[in-house]
Structure formats: structure tokens, C-alpha cells
file run.cif (mmCIF, N, CA and C atoms)
data_coords
loop_
_atom_site.group_PDB
_atom_site.id
_atom_site.type_symbol
_atom_site.label_atom_id
_atom_site.label_comp_id
_atom_site.auth_asym_id
_atom_site.auth_seq_id
_atom_site.Cartn_x
_atom_site.Cartn_y
_atom_site.Cartn_z
ATOM 1 N N MET R 1 -72.641 11.406 -38.264
ATOM 2 C CA MET R 1 -71.755 12.014 -39.192
ATOM 3 C C MET R 1 -71.048 13.205 -38.536
ATOM 4 N N ALA R 2 -71.785 13.969 -37.745
ATOM 5 C CA ALA R 2 -71.189 15.134 -37.085
ATOM 6 C C ALA R 2 -70.118 14.701 -36.085
ATOM 7 N N ILE R 3 -70.371 13.625 -35.374
ATOM 8 C CA ILE R 3 -69.371 13.125 -34.419
ATOM 9 C C ILE R 3 -68.121 12.666 -35.168
ATOM 10 N N GLY R 4 -68.300 11.982 -36.286
ATOM 11 C CA GLY R 4 -67.165 11.533 -37.086
ATOM 12 C C GLY R 4 -66.341 12.701 -37.598
ATOM 13 N N ALA R 5 -67.013 13.737 -38.082
ATOM 14 C CA ALA R 5 -66.303 14.917 -38.575
ATOM 15 C C ALA R 5 -65.564 15.622 -37.442
ATOM 16 N N ALA R 6 -66.224 15.746 -36.291
ATOM 17 C CA ALA R 6 -65.589 16.392 -35.137
ATOM 18 C C ALA R 6 -64.359 15.610 -34.681
ATOM 19 N N LEU R 7 -64.470 14.296 -34.641
ATOM 20 C CA LEU R 7 -63.323 13.470 -34.240
ATOM 21 C C LEU R 7 -62.193 13.561 -35.259
ATOM 22 N N HIS R 8 -62.538 13.601 -36.526
ATOM 23 C CA HIS R 8 -61.520 13.725 -37.575
ATOM 24 C C HIS R 8 -60.728 15.020 -37.398
ATOM 25 N N TYR R 9 -61.417 16.125 -37.181
ATOM 26 C CA TYR R 9 -60.720 17.404 -37.009
ATOM 27 C C TYR R 9 -59.979 17.473 -35.677
ATOM 28 N N PHE R 10 -60.503 16.811 -34.647
ATOM 29 C CA PHE R 10 -59.797 16.752 -33.369
ATOM 30 C C PHE R 10 -58.476 15.995 -33.528
ATOM 31 N N ILE R 11 -58.506 14.880 -34.246
ATOM 32 C CA ILE R 11 -57.292 14.103 -34.478
ATOM 33 C C ILE R 11 -56.291 14.929 -35.296
ATOM 34 N N ALA R 12 -56.777 15.634 -36.315
ATOM 35 C CA ALA R 12 -55.901 16.488 -37.125
ATOM 36 C C ALA R 12 -55.254 17.577 -36.267
ATOM 37 N N LEU R 13 -56.033 18.174 -35.380
ATOM 38 C CA LEU R 13 -55.497 19.185 -34.469
ATOM 39 C C LEU R 13 -54.425 18.578 -33.560
ATOM 40 N N CYS R 14 -54.665 17.389 -33.066
ATOM 41 C CA CYS R 14 -53.681 16.720 -32.209
ATOM 42 C C CYS R 14 -52.398 16.405 -32.974
ATOM 43 N N ILE R 15 -52.525 16.027 -34.249
ATOM 44 C CA ILE R 15 -51.350 15.748 -35.076
ATOM 45 C C ILE R 15 -50.485 16.997 -35.199
ATOM 46 N N VAL R 16 -51.110 18.134 -35.466
ATOM 47 C CA VAL R 16 -50.366 19.396 -35.581
ATOM 48 C C VAL R 16 -49.793 19.792 -34.225
ATOM 49 N N LEU R 17 -50.552 19.604 -33.168
ATOM 50 C CA LEU R 17 -50.091 19.958 -31.826
ATOM 51 C C LEU R 17 -48.863 19.133 -31.428
ATOM 52 N N VAL R 18 -48.854 17.860 -31.740
ATOM 53 C CA VAL R 18 -47.692 17.009 -31.424
ATOM 54 C C VAL R 18 -46.458 17.507 -32.164
ATOM 55 N N TYR R 19 -46.619 17.870 -33.435
ATOM 56 C CA TYR R 19 -45.468 18.390 -34.184
ATOM 57 C C TYR R 19 -44.983 19.698 -33.572
ATOM 58 N N TRP R 20 -45.906 20.573 -33.215
ATOM 59 C CA TRP R 20 -45.536 21.866 -32.634
ATOM 60 C C TRP R 20 -44.772 21.674 -31.324
ATOM 61 N N VAL R 21 -45.256 20.785 -30.465
ATOM 62 C CA VAL R 21 -44.569 20.526 -29.193
ATOM 63 C C VAL R 21 -43.173 19.964 -29.458
ATOM 64 N N ALA R 22 -43.070 19.029 -30.384
ATOM 65 C CA ALA R 22 -41.755 18.456 -30.708
ATOM 66 C C ALA R 22 -40.825 19.506 -31.310
ATOM 67 N N SER R 23 -41.382 20.412 -32.122
ATOM 68 C CA SER R 23 -40.534 21.421 -32.767
ATOM 69 C C SER R 23 -40.033 22.465 -31.779
ATOM 70 N N ARG R 24 -40.682 22.601 -30.643
ATOM 71 C CA ARG R 24 -40.180 23.494 -29.603
ATOM 72 C C ARG R 24 -38.915 22.925 -28.980
ATOM 73 N N ARG R 25 -38.787 21.614 -29.018
ATOM 74 C CA ARG R 25 -37.627 20.953 -28.421
ATOM 75 C C ARG R 25 -36.518 20.666 -29.431
ATOM 76 N N PHE R 26 -36.896 20.300 -30.649
ATOM 77 C CA PHE R 26 -35.926 19.928 -31.675
ATOM 78 C C PHE R 26 -35.952 20.974 -32.793
ATOM 79 N N GLU R 27 -34.941 21.813 -32.826
ATOM 80 C CA GLU R 27 -34.885 22.948 -33.742
ATOM 81 C C GLU R 27 -34.872 22.535 -35.212
ATOM 82 N N VAL R 28 -34.356 21.358 -35.516
ATOM 83 C CA VAL R 28 -34.303 20.916 -36.902
ATOM 84 C C VAL R 28 -35.706 20.834 -37.505
ATOM 85 N N LEU R 29 -36.703 20.575 -36.710
ATOM 86 C CA LEU R 29 -38.074 20.510 -37.203
ATOM 87 C C LEU R 29 -38.563 21.861 -37.697
ATOM 88 N N VAL R 30 -37.992 22.938 -37.168
ATOM 89 C CA VAL R 30 -38.348 24.290 -37.591
ATOM 90 C C VAL R 30 -37.467 24.726 -38.763
ATOM 91 N N ARG R 31 -36.200 24.366 -38.713
ATOM 92 C CA ARG R 31 -35.270 24.790 -39.765
ATOM 93 C C ARG R 31 -35.529 24.101 -41.097
ATOM 94 N N ARG R 32 -35.960 22.875 -41.090
ATOM 95 C CA ARG R 32 -36.194 22.095 -42.312
ATOM 96 C C ARG R 32 -37.635 21.574 -42.334
ATOM 97 N N PRO R 33 -38.605 22.471 -42.508
ATOM 98 C CA PRO R 33 -40.010 22.052 -42.385
ATOM 99 C C PRO R 33 -40.484 21.111 -43.493
ATOM 100 N N ILE R 34 -39.950 21.222 -44.691
ATOM 101 C CA ILE R 34 -40.416 20.361 -45.781
ATOM 102 C C ILE R 34 -39.964 18.914 -45.546
ATOM 103 N N VAL R 35 -38.687 18.740 -45.277
ATOM 104 C CA VAL R 35 -38.159 17.387 -45.042
ATOM 105 C C VAL R 35 -38.731 16.814 -43.752
ATOM 106 N N SER R 36 -38.662 17.585 -42.667
ATOM 107 C CA SER R 36 -39.146 17.105 -41.370
ATOM 108 C C SER R 36 -40.650 16.850 -41.406
ATOM 109 N N GLY R 37 -41.384 17.742 -42.046
ATOM 110 C CA GLY R 37 -42.838 17.580 -42.123
ATOM 111 C C GLY R 37 -43.246 16.370 -42.938
ATOM 112 N N SER R 38 -42.560 16.124 -44.041
ATOM 113 C CA SER R 38 -42.915 14.960 -44.854
ATOM 114 C C SER R 38 -42.583 13.651 -44.134
ATOM 115 N N ILE R 39 -41.475 13.624 -43.431
ATOM 116 C CA ILE R 39 -41.146 12.436 -42.628
ATOM 117 C C ILE R 39 -42.183 12.250 -41.525
ATOM 118 N N TYR R 40 -42.571 13.345 -40.888
ATOM 119 C CA TYR R 40 -43.599 13.274 -39.843
ATOM 120 C C TYR R 40 -44.921 12.768 -40.421
ATOM 121 N N GLY R 41 -45.276 13.236 -41.612
ATOM 122 C CA GLY R 41 -46.517 12.781 -42.242
ATOM 123 C C GLY R 41 -46.514 11.282 -42.493
ATOM 124 N N VAL R 42 -45.379 10.745 -42.932
ATOM 125 C CA VAL R 42 -45.270 9.300 -43.141
ATOM 126 C C VAL R 42 -45.383 8.567 -41.804
ATOM 127 N N LEU R 43 -44.770 9.116 -40.758
ATOM 128 C CA LEU R 43 -44.905 8.507 -39.426
ATOM 129 C C LEU R 43 -46.355 8.526 -38.953
ATOM 130 N N VAL R 44 -47.054 9.612 -39.222
ATOM 131 C CA VAL R 44 -48.482 9.691 -38.873
ATOM 132 C C VAL R 44 -49.255 8.600 -39.607
ATOM 133 N N TYR R 45 -48.965 8.424 -40.899
ATOM 134 C CA TYR R 45 -49.617 7.370 -41.678
ATOM 135 C C TYR R 45 -49.380 6.003 -41.036
ATOM 136 N N LEU R 46 -48.133 5.723 -40.684
ATOM 137 C CA LEU R 46 -47.801 4.425 -40.101
ATOM 138 C C LEU R 46 -48.506 4.205 -38.769
ATOM 139 N N VAL R 47 -48.513 5.223 -37.927
ATOM 140 C CA VAL R 47 -49.179 5.096 -36.619
ATOM 141 C C VAL R 47 -50.680 4.896 -36.799
ATOM 142 N N MET R 48 -51.273 5.687 -37.663
ATOM 143 C CA MET R 48 -52.724 5.569 -37.864
ATOM 144 C C MET R 48 -53.099 4.202 -38.435
ATOM 145 N N ASN R 49 -52.327 3.703 -39.400
ATOM 146 C CA ASN R 49 -52.693 2.466 -40.082
ATOM 147 C C ASN R 49 -52.233 1.190 -39.392
ATOM 148 N N TYR R 50 -51.193 1.293 -38.572
ATOM 149 C CA TYR R 50 -50.689 0.073 -37.941
ATOM 150 C C TYR R 50 -50.831 0.058 -36.427
ATOM 151 N N VAL R 51 -51.337 1.150 -35.838
ATOM 152 C CA VAL R 51 -51.604 1.179 -34.401
ATOM 153 C C VAL R 51 -53.068 1.537 -34.147
ATOM 154 N N VAL R 52 -53.501 2.704 -34.611
ATOM 155 C CA VAL R 52 -54.842 3.197 -34.287
ATOM 156 C C VAL R 52 -55.938 2.351 -34.929
ATOM 157 N N ILE R 53 -55.867 2.137 -36.234
ATOM 158 C CA ILE R 53 -56.920 1.384 -36.913
ATOM 159 C C ILE R 53 -57.010 -0.056 -36.407
ATOM 160 N N PRO R 54 -55.895 -0.777 -36.216
ATOM 161 C CA PRO R 54 -56.035 -2.125 -35.657
ATOM 162 C C PRO R 54 -56.644 -2.151 -34.249
ATOM 163 N N LEU R 55 -56.465 -1.095 -33.480
ATOM 164 C CA LEU R 55 -57.051 -1.049 -32.140
ATOM 165 C C LEU R 55 -58.515 -0.625 -32.154
ATOM 166 N N SER R 56 -58.998 -0.133 -33.289
ATOM 167 C CA SER R 56 -60.391 0.300 -33.383
ATOM 168 C C SER R 56 -61.281 -0.874 -33.792
ATOM 169 N N ALA R 57 -62.563 -0.629 -33.838
ATOM 170 C CA ALA R 57 -63.516 -1.672 -34.195
ATOM 171 C C ALA R 57 -63.706 -1.797 -35.703
ATOM 172 N N THR R 58 -63.039 -0.975 -36.469
ATOM 173 C CA THR R 58 -63.220 -0.994 -37.918
ATOM 174 C C THR R 58 -62.461 -2.136 -38.575
ATOM 175 N N LYS R 59 -62.926 -2.536 -39.720
ATOM 176 C CA LYS R 59 -62.276 -3.603 -40.482
ATOM 177 C C LYS R 59 -61.326 -2.966 -41.491
ATOM 178 N N ARG R 60 -60.130 -3.517 -41.619
ATOM 179 C CA ARG R 60 -59.151 -2.993 -42.589
ATOM 180 C C ARG R 60 -59.595 -3.362 -43.995
ATOM 181 N N PRO R 61 -59.512 -2.402 -44.896
ATOM 182 C CA PRO R 61 -59.866 -2.711 -46.295
ATOM 183 C C PRO R 61 -58.794 -3.566 -46.958
ATOM 184 N N ALA R 62 -59.120 -4.101 -48.116
ATOM 185 C CA ALA R 62 -58.153 -4.893 -48.876
ATOM 186 C C ALA R 62 -56.965 -4.018 -49.286
ATOM 187 N N PHE R 63 -55.806 -4.638 -49.388
ATOM 188 C CA PHE R 63 -54.591 -3.912 -49.753
ATOM 189 C C PHE R 63 -54.620 -3.553 -51.232
ATOM 190 N N LEU R 64 -54.482 -2.279 -51.525
ATOM 191 C CA LEU R 64 -54.351 -1.787 -52.897
ATOM 192 C C LEU R 64 -53.117 -0.894 -52.939
ATOM 193 N N LEU R 65 -52.129 -1.279 -53.710
ATOM 194 C CA LEU R 65 -50.870 -0.538 -53.765
ATOM 195 C C LEU R 65 -51.109 0.929 -54.144
ATOM 196 N N SER R 66 -51.957 1.178 -55.119
ATOM 197 C CA SER R 66 -52.214 2.562 -55.530
ATOM 198 C C SER R 66 -52.800 3.386 -54.384
ATOM 199 N N TRP R 67 -53.666 2.775 -53.578
ATOM 200 C CA TRP R 67 -54.264 3.478 -52.437
ATOM 201 C C TRP R 67 -53.206 3.767 -51.371
ATOM 202 N N VAL R 68 -52.336 2.816 -51.104
ATOM 203 C CA VAL R 68 -51.289 3.004 -50.100
ATOM 204 C C VAL R 68 -50.328 4.098 -50.537
ATOM 205 N N VAL R 69 -49.890 4.074 -51.791
ATOM 206 C CA VAL R 69 -48.970 5.094 -52.301
ATOM 207 C C VAL R 69 -49.614 6.475 -52.206
ATOM 208 N N CYS R 70 -50.858 6.572 -52.637
ATOM 209 C CA CYS R 70 -51.568 7.853 -52.580
ATOM 210 C C CYS R 70 -51.723 8.321 -51.131
ATOM 211 N N SER R 71 -52.065 7.414 -50.238
ATOM 212 C CA SER R 71 -52.242 7.761 -48.821
ATOM 213 C C SER R 71 -50.936 8.242 -48.196
ATOM 214 N N VAL R 72 -49.840 7.576 -48.503
ATOM 215 C CA VAL R 72 -48.545 7.984 -47.960
ATOM 216 C C VAL R 72 -48.172 9.374 -48.474
ATOM 217 N N LEU R 73 -48.376 9.622 -49.761
ATOM 218 C CA LEU R 73 -48.066 10.939 -50.325
ATOM 219 C C LEU R 73 -48.936 12.033 -49.721
ATOM 220 N N VAL R 74 -50.220 11.747 -49.531
ATOM 221 C CA VAL R 74 -51.120 12.731 -48.914
ATOM 222 C C VAL R 74 -50.690 13.012 -47.484
ATOM 223 N N HIS R 75 -50.396 11.971 -46.721
ATOM 224 C CA HIS R 75 -49.965 12.192 -45.337
ATOM 225 C C HIS R 75 -48.651 12.968 -45.286
ATOM 226 N N ALA R 76 -47.744 12.684 -46.206
ATOM 227 C CA ALA R 76 -46.450 13.370 -46.203
ATOM 228 C C ALA R 76 -46.588 14.836 -46.570
ATOM 229 N N PHE R 77 -47.308 15.124 -47.654
ATOM 230 C CA PHE R 77 -47.296 16.484 -48.190
ATOM 231 C C PHE R 77 -48.538 17.318 -47.913
ATOM 232 N N VAL R 78 -49.648 16.693 -47.562
ATOM 233 C CA VAL R 78 -50.867 17.451 -47.271
ATOM 234 C C VAL R 78 -51.123 17.534 -45.764
ATOM 235 N N ILE R 79 -50.506 16.640 -45.005
ATOM 236 C CA ILE R 79 -50.670 16.665 -43.549
ATOM 237 C C ILE R 79 -49.361 17.068 -42.869
ATOM 238 N N GLY R 80 -48.287 16.367 -43.159
ATOM 239 C CA GLY R 80 -47.012 16.625 -42.488
ATOM 240 C C GLY R 80 -46.398 17.974 -42.793
ATOM 241 N N VAL R 81 -46.292 18.321 -44.062
ATOM 242 C CA VAL R 81 -45.659 19.598 -44.436
ATOM 243 C C VAL R 81 -46.468 20.798 -43.928
ATOM 244 N N PRO R 82 -47.792 20.843 -44.103
ATOM 245 C CA PRO R 82 -48.529 21.977 -43.514
ATOM 246 C C PRO R 82 -48.403 22.050 -41.994
ATOM 247 N N ALA R 83 -48.381 20.899 -41.325
ATOM 248 C CA ALA R 83 -48.187 20.906 -39.867
ATOM 249 C C ALA R 83 -46.850 21.548 -39.527
ATOM 250 N N ALA R 84 -45.815 21.211 -40.288
ATOM 251 C CA ALA R 84 -44.489 21.781 -40.051
ATOM 252 C C ALA R 84 -44.466 23.280 -40.337
ATOM 253 N N LEU R 85 -45.108 23.690 -41.418
ATOM 254 C CA LEU R 85 -45.109 25.114 -41.768
ATOM 255 C C LEU R 85 -45.924 25.942 -40.771
ATOM 256 N N PHE R 86 -47.054 25.407 -40.320
ATOM 257 C CA PHE R 86 -47.834 26.110 -39.298
ATOM 258 C C PHE R 86 -47.067 26.197 -37.985
ATOM 259 N N SER R 87 -46.388 25.130 -37.624
ATOM 260 C CA SER R 87 -45.589 25.149 -36.396
ATOM 261 C C SER R 87 -44.456 26.154 -36.503
ATOM 262 N N ARG R 88 -43.809 26.182 -37.647
ATOM 263 C CA ARG R 88 -42.723 27.140 -37.868
ATOM 264 C C ARG R 88 -43.241 28.576 -37.761
ATOM 265 N N ALA R 89 -44.378 28.853 -38.366
ATOM 266 C CA ALA R 89 -44.961 30.196 -38.310
ATOM 267 C C ALA R 89 -45.343 30.569 -36.879
ATOM 268 N N ALA R 90 -45.899 29.619 -36.144
ATOM 269 C CA ALA R 90 -46.292 29.889 -34.761
ATOM 270 C C ALA R 90 -45.080 30.161 -33.885
ATOM 271 N N ILE R 91 -44.020 29.402 -34.086
ATOM 272 C CA ILE R 91 -42.808 29.598 -33.283
ATOM 273 C C ILE R 91 -42.160 30.933 -33.633
ATOM 274 N N ARG R 92 -42.108 31.254 -34.912
ATOM 275 C CA ARG R 92 -41.527 32.545 -35.320
ATOM 276 C C ARG R 92 -42.348 33.710 -34.775
ATOM 277 N N ALA R 93 -43.655 33.582 -34.766
ATOM 278 C CA ALA R 93 -44.513 34.671 -34.282
ATOM 279 C C ALA R 93 -44.393 34.874 -32.771
ATOM 280 N N SER R 94 -44.071 33.794 -32.051
ATOM 281 C CA SER R 94 -44.029 33.889 -30.593
ATOM 282 C C SER R 94 -42.640 34.123 -30.035
ATOM 283 N N SER R 95 -41.596 33.969 -30.859
ATOM 284 C CA SER R 95 -40.245 34.135 -30.325
ATOM 285 C C SER R 95 -39.739 35.549 -30.574
ATOM 286 N N PRO R 96 -39.005 36.108 -29.605
ATOM 287 C CA PRO R 96 -38.483 37.458 -29.774
ATOM 288 C C PRO R 96 -37.380 37.540 -30.835
ATOM 289 N N SER R 97 -36.574 36.499 -30.959
ATOM 290 C CA SER R 97 -35.524 36.511 -31.981
ATOM 291 C C SER R 97 -35.959 35.611 -33.123
ATOM 292 N N PRO R 98 -35.654 35.956 -34.344
ATOM 293 C CA PRO R 98 -36.076 35.156 -35.483
ATOM 294 C C PRO R 98 -35.397 33.793 -35.495
ATOM 295 N N VAL R 99 -36.159 32.806 -35.947
ATOM 296 C CA VAL R 99 -35.618 31.459 -36.096
ATOM 297 C C VAL R 99 -34.813 31.435 -37.382
ATOM 298 N N PRO R 100 -33.566 30.943 -37.327
ATOM 299 C CA PRO R 100 -32.733 30.939 -38.533
ATOM 300 C C PRO R 100 -33.309 30.015 -39.603
ATOM 301 N N ASP R 101 -33.030 30.364 -40.862
ATOM 302 C CA ASP R 101 -33.479 29.532 -41.982
ATOM 303 C C ASP R 101 -32.566 28.367 -42.216
#

call {"tool": "encode", "arguments": {"input": "run.cif", "output": "C-alpha cells"}}
result
Amino acid sequence: MAIGAALHYFIALCIVLVYWVASRRFEVLVRRPIVSGSIYGVLVYLVMNYVVIPLSATKRPAFLLSWVVCSVLVHAFVIGVPAALFSRAAIRASSPSPVPD
């Protein structure tokens, strides 16, 4: 259980790190964190469910529309948007000139 929890948080850290690295290159990710973060969250959902999970040893659960909708919304607004806001805060804190809104 401890290994699973550690891996879960490591993956979450990597998700935020990827957004932060991308936002250093593409300014729109910093200027529009809600839109960019939610799109990123949906992309994370797609990668995890259609690339990572199929490559793992786990079995995919049965398709439930309510579960998919809920998962997409969680990835968009609970994972993507906070990643964008944390990245924006980190970039603003480290840059000498303020990032425009």
C-alpha cells in the first residue's frame, strides 16, 4: 500500500512538473491557467487511460459513463487547474518582471 501511495504521488508530481516545464516555454499556459489547465487535465486523463493503463498489468474496469464523466471532470478541474495555478505562482515568484494577466 505504501508503494502504491508513493507511486501515486510521484506520478502527480510528474504531471505538475510537465505542465510547469511546458509553461516556461508557452506563455499562454501561464496567462490562461483555468482554460489551459482544464485542457491539460483532460489530456492527462486520456494519456493515463489510453496509454499508461493499457501498458500496465492491470485489467480495465467495465465502461460506466457516469464514472468516465466524473473522472474527466476531476482530471480537468482537480488536477489540471491546480497544476496550472501552481505553475503560474512558481513562475511569478521566480521571475523578476510580473507575468501579465

call {"tool": "residues_around", "arguments": {"input": "run.cif", "residues": "segment 28-40 of chain R", "least_positions_apart": "4", "cutoff": "6.5 Å", "atoms": "only N, CA and C atoms", "output": "ChimeraX atom specification"}}
result
/R:23,44-45,75-77,79-85,87-88,100-101

call {"tool": "select_by_dssp", "arguments": {"input": "run.cif", "residues": "chain R", "states": "alpha helix (DSSP H)", "output": "PyMOL selection string"}}
result
chain R and resi 2-25+28-31+33-47+53-55+65-74+81-94

call {"tool": "atom_distance", "arguments": {"input": "run.cif", "atom1": "atom N of Ala89 of chain R", "atom2": "atom CA of Leu13 of chain R"}}
result
15.2 Å

call {"tool": "atom_distance", "arguments": {"input": "run.cif", "atom1": "atom N of Ala57 of chain R", "atom2": "atom CA of Gly41 of chain R"}}
result
22.5 Å

call {"tool": "atom_distance", "arguments": {"input": "run.cif", "atom1": "atom CA of Leu43 of chain R", "atom2": "atom C of Val16 of chain R"}}
result
13.4 Å

call {"tool": "decode", "arguments": {"input": "run.cif", "residues": "segment 14-99 of chain R", "atoms": "C-alpha atoms", "output": "PDB file, in the first residue's frame"}}
result
ATOM      1  CA  CYS R  14       5.457  14.479 -12.576  1.00  0.00           C
ATOM      2  CA  ILE R  15       2.131  15.705 -14.003  1.00  0.00           C
ATOM      3  CA  VAL R  16       2.625  19.111 -12.365  1.00  0.00           C
ATOM      4  CA  LEU R  17       6.295  19.189 -13.375  1.00  0.00           C
ATOM      5  CA  VAL R  18       5.438  18.552 -17.046  1.00  0.00           C
ATOM      6  CA  TYR R  19       2.944  21.424 -17.003  1.00  0.00           C
ATOM      7  CA  TRP R  20       5.470  23.723 -15.324  1.00  0.00           C
ATOM      8  CA  VAL R  21       8.168  22.903 -17.896  1.00  0.00           C
ATOM      9  CA  ALA R  22       5.715  23.454 -20.755  1.00  0.00           C
ATOM     10  CA  SER R  23       4.504  26.730 -19.230  1.00  0.00           C
ATOM     11  CA  ARG R  24       8.065  28.053 -19.203  1.00  0.00           C
ATOM     12  CA  ARG R  25       8.046  27.711 -22.978  1.00  0.00           C
ATOM     13  CA  PHE R  26       4.427  28.534 -23.855  1.00  0.00           C
ATOM     14  CA  GLU R  27       3.252  31.733 -22.162  1.00  0.00           C
ATOM     15  CA  VAL R  28      -0.426  31.059 -22.854  1.00  0.00           C
ATOM     16  CA  LEU R  29      -0.301  28.302 -20.236  1.00  0.00           C
ATOM     17  CA  VAL R  30       0.522  30.956 -17.629  1.00  0.00           C
ATOM     18  CA  ARG R  31      -1.809  33.665 -18.925  1.00  0.00           C
ATOM     19  CA  ARG R  32      -4.897  31.420 -19.098  1.00  0.00           C
ATOM     20  CA  PRO R  33      -4.441  28.869 -16.296  1.00  0.00           C
ATOM     21  CA  ILE R  34      -8.096  27.826 -15.983  1.00  0.00           C
ATOM     22  CA  VAL R  35      -8.623  27.031 -19.667  1.00  0.00           C
ATOM     23  CA  SER R  36      -5.110  25.662 -20.233  1.00  0.00           C
ATOM     24  CA  GLY R  37      -5.153  23.668 -17.001  1.00  0.00           C
ATOM     25  CA  SER R  38      -8.512  22.067 -17.696  1.00  0.00           C
ATOM     26  CA  ILE R  39      -7.432  21.074 -21.203  1.00  0.00           C
ATOM     27  CA  TYR R  40      -4.207  19.680 -19.743  1.00  0.00           C
ATOM     28  CA  GLY R  41      -6.205  17.714 -17.163  1.00  0.00           C
ATOM     29  CA  VAL R  42      -8.287  16.103 -19.911  1.00  0.00           C
ATOM     30  CA  LEU R  43      -5.079  15.249 -21.794  1.00  0.00           C
ATOM     31  CA  VAL R  44      -3.693  13.672 -18.616  1.00  0.00           C
ATOM     32  CA  TYR R  45      -6.881  11.599 -18.329  1.00  0.00           C
ATOM     33  CA  LEU R  46      -6.548  10.418 -21.927  1.00  0.00           C
ATOM     34  CA  VAL R  47      -2.868   9.517 -21.572  1.00  0.00           C
ATOM     35  CA  MET R  48      -3.396   7.688 -18.299  1.00  0.00           C
ATOM     36  CA  ASN R  49      -6.434   5.731 -19.521  1.00  0.00           C
ATOM     37  CA  TYR R  50      -5.427   5.003 -23.096  1.00  0.00           C
ATOM     38  CA  VAL R  51      -1.627   4.721 -22.836  1.00  0.00           C
ATOM     39  CA  VAL R  52      -0.449   4.044 -19.269  1.00  0.00           C
ATOM     40  CA  ILE R  53      -3.180   1.695 -18.036  1.00  0.00           C
ATOM     41  CA  PRO R  54      -3.189  -0.474 -21.192  1.00  0.00           C
ATOM     42  CA  LEU R  55       0.595  -0.841 -20.869  1.00  0.00           C
ATOM     43  CA  SER R  56       0.306  -1.890 -17.217  1.00  0.00           C
ATOM     44  CA  ALA R  57      -0.617  -5.301 -15.864  1.00  0.00           C
ATOM     45  CA  THR R  58      -3.960  -4.092 -14.534  1.00  0.00           C
ATOM     46  CA  LYS R  59      -7.302  -5.032 -16.023  1.00  0.00           C
ATOM     47  CA  ARG R  60      -9.544  -2.220 -17.309  1.00  0.00           C
ATOM     48  CA  PRO R  61     -12.848  -1.975 -15.481  1.00  0.00           C
ATOM     49  CA  ALA R  62     -16.185  -2.089 -17.272  1.00  0.00           C
ATOM     50  CA  PHE R  63     -17.216   1.116 -19.030  1.00  0.00           C
ATOM     51  CA  LEU R  64     -19.566   3.272 -16.960  1.00  0.00           C
ATOM     52  CA  LEU R  65     -20.495   6.619 -18.499  1.00  0.00           C
ATOM     53  CA  SER R  66     -21.027   8.253 -15.096  1.00  0.00           C
ATOM     54  CA  TRP R  67     -17.544   7.142 -13.980  1.00  0.00           C
ATOM     55  CA  VAL R  68     -15.907   8.441 -17.168  1.00  0.00           C
ATOM     56  CA  VAL R  69     -17.673  11.821 -16.936  1.00  0.00           C
ATOM     57  CA  CYS R  70     -16.730  12.168 -13.272  1.00  0.00           C
ATOM     58  CA  SER R  71     -13.121  11.134 -13.980  1.00  0.00           C
ATOM     59  CA  VAL R  72     -12.764  13.630 -16.827  1.00  0.00           C
ATOM     60  CA  LEU R  73     -14.162  16.448 -14.669  1.00  0.00           C
ATOM     61  CA  VAL R  74     -11.856  15.548 -11.770  1.00  0.00           C
ATOM     62  CA  HIS R  75      -8.813  15.423 -14.038  1.00  0.00           C
ATOM     63  CA  ALA R  76      -9.767  18.739 -15.646  1.00  0.00           C
ATOM     64  CA  PHE R  77     -10.573  20.745 -12.533  1.00  0.00           C
ATOM     65  CA  VAL R  78      -8.908  18.963  -9.603  1.00  0.00           C
ATOM     66  CA  ILE R  79      -5.669  18.001 -11.360  1.00  0.00           C
ATOM     67  CA  GLY R  80      -5.198  20.249 -14.398  1.00  0.00           C
ATOM     68  CA  VAL R  81      -6.321  23.603 -13.000  1.00  0.00           C
ATOM     69  CA  PRO R  82      -4.324  23.324  -9.731  1.00  0.00           C
ATOM     70  CA  ALA R  83      -1.262  22.259 -11.745  1.00  0.00           C
ATOM     71  CA  ALA R  84      -1.691  25.379 -13.879  1.00  0.00           C
ATOM     72  CA  LEU R  85      -2.208  27.658 -10.883  1.00  0.00           C
ATOM     73  CA  PHE R  86       0.807  26.244  -9.030  1.00  0.00           C
ATOM     74  CA  SER R  87       2.932  26.624 -12.149  1.00  0.00           C
ATOM     75  CA  ARG R  88       1.746  30.192 -12.603  1.00  0.00           C
ATOM     76  CA  ALA R  89       2.574  31.019  -8.973  1.00  0.00           C
ATOM     77  CA  ALA R  90       6.012  29.421  -9.264  1.00  0.00           C
ATOM     78  CA  ILE R  91       6.825  31.312 -12.454  1.00  0.00           C
ATOM     79  CA  ARG R  92       5.620  34.611 -10.991  1.00  0.00           C
ATOM     80  CA  ALA R  93       7.666  34.053  -7.826  1.00  0.00           C
ATOM     81  CA  SER R  94      10.836  33.288  -9.782  1.00  0.00           C
ATOM     82  CA  SER R  95      10.629  35.941 -12.497  1.00  0.00           C
ATOM     83  CA  PRO R  96      11.909  39.478 -11.951  1.00  0.00           C
ATOM     84  CA  SER R  97       9.124  41.047 -14.025  1.00  0.00           C
ATOM     85  CA  PRO R  98       5.491  40.167 -13.370  1.00  0.00           C
ATOM     86  CA  VAL R  99       3.724  37.835 -15.756  1.00  0.00           C
TER      87      VAL R  99
END
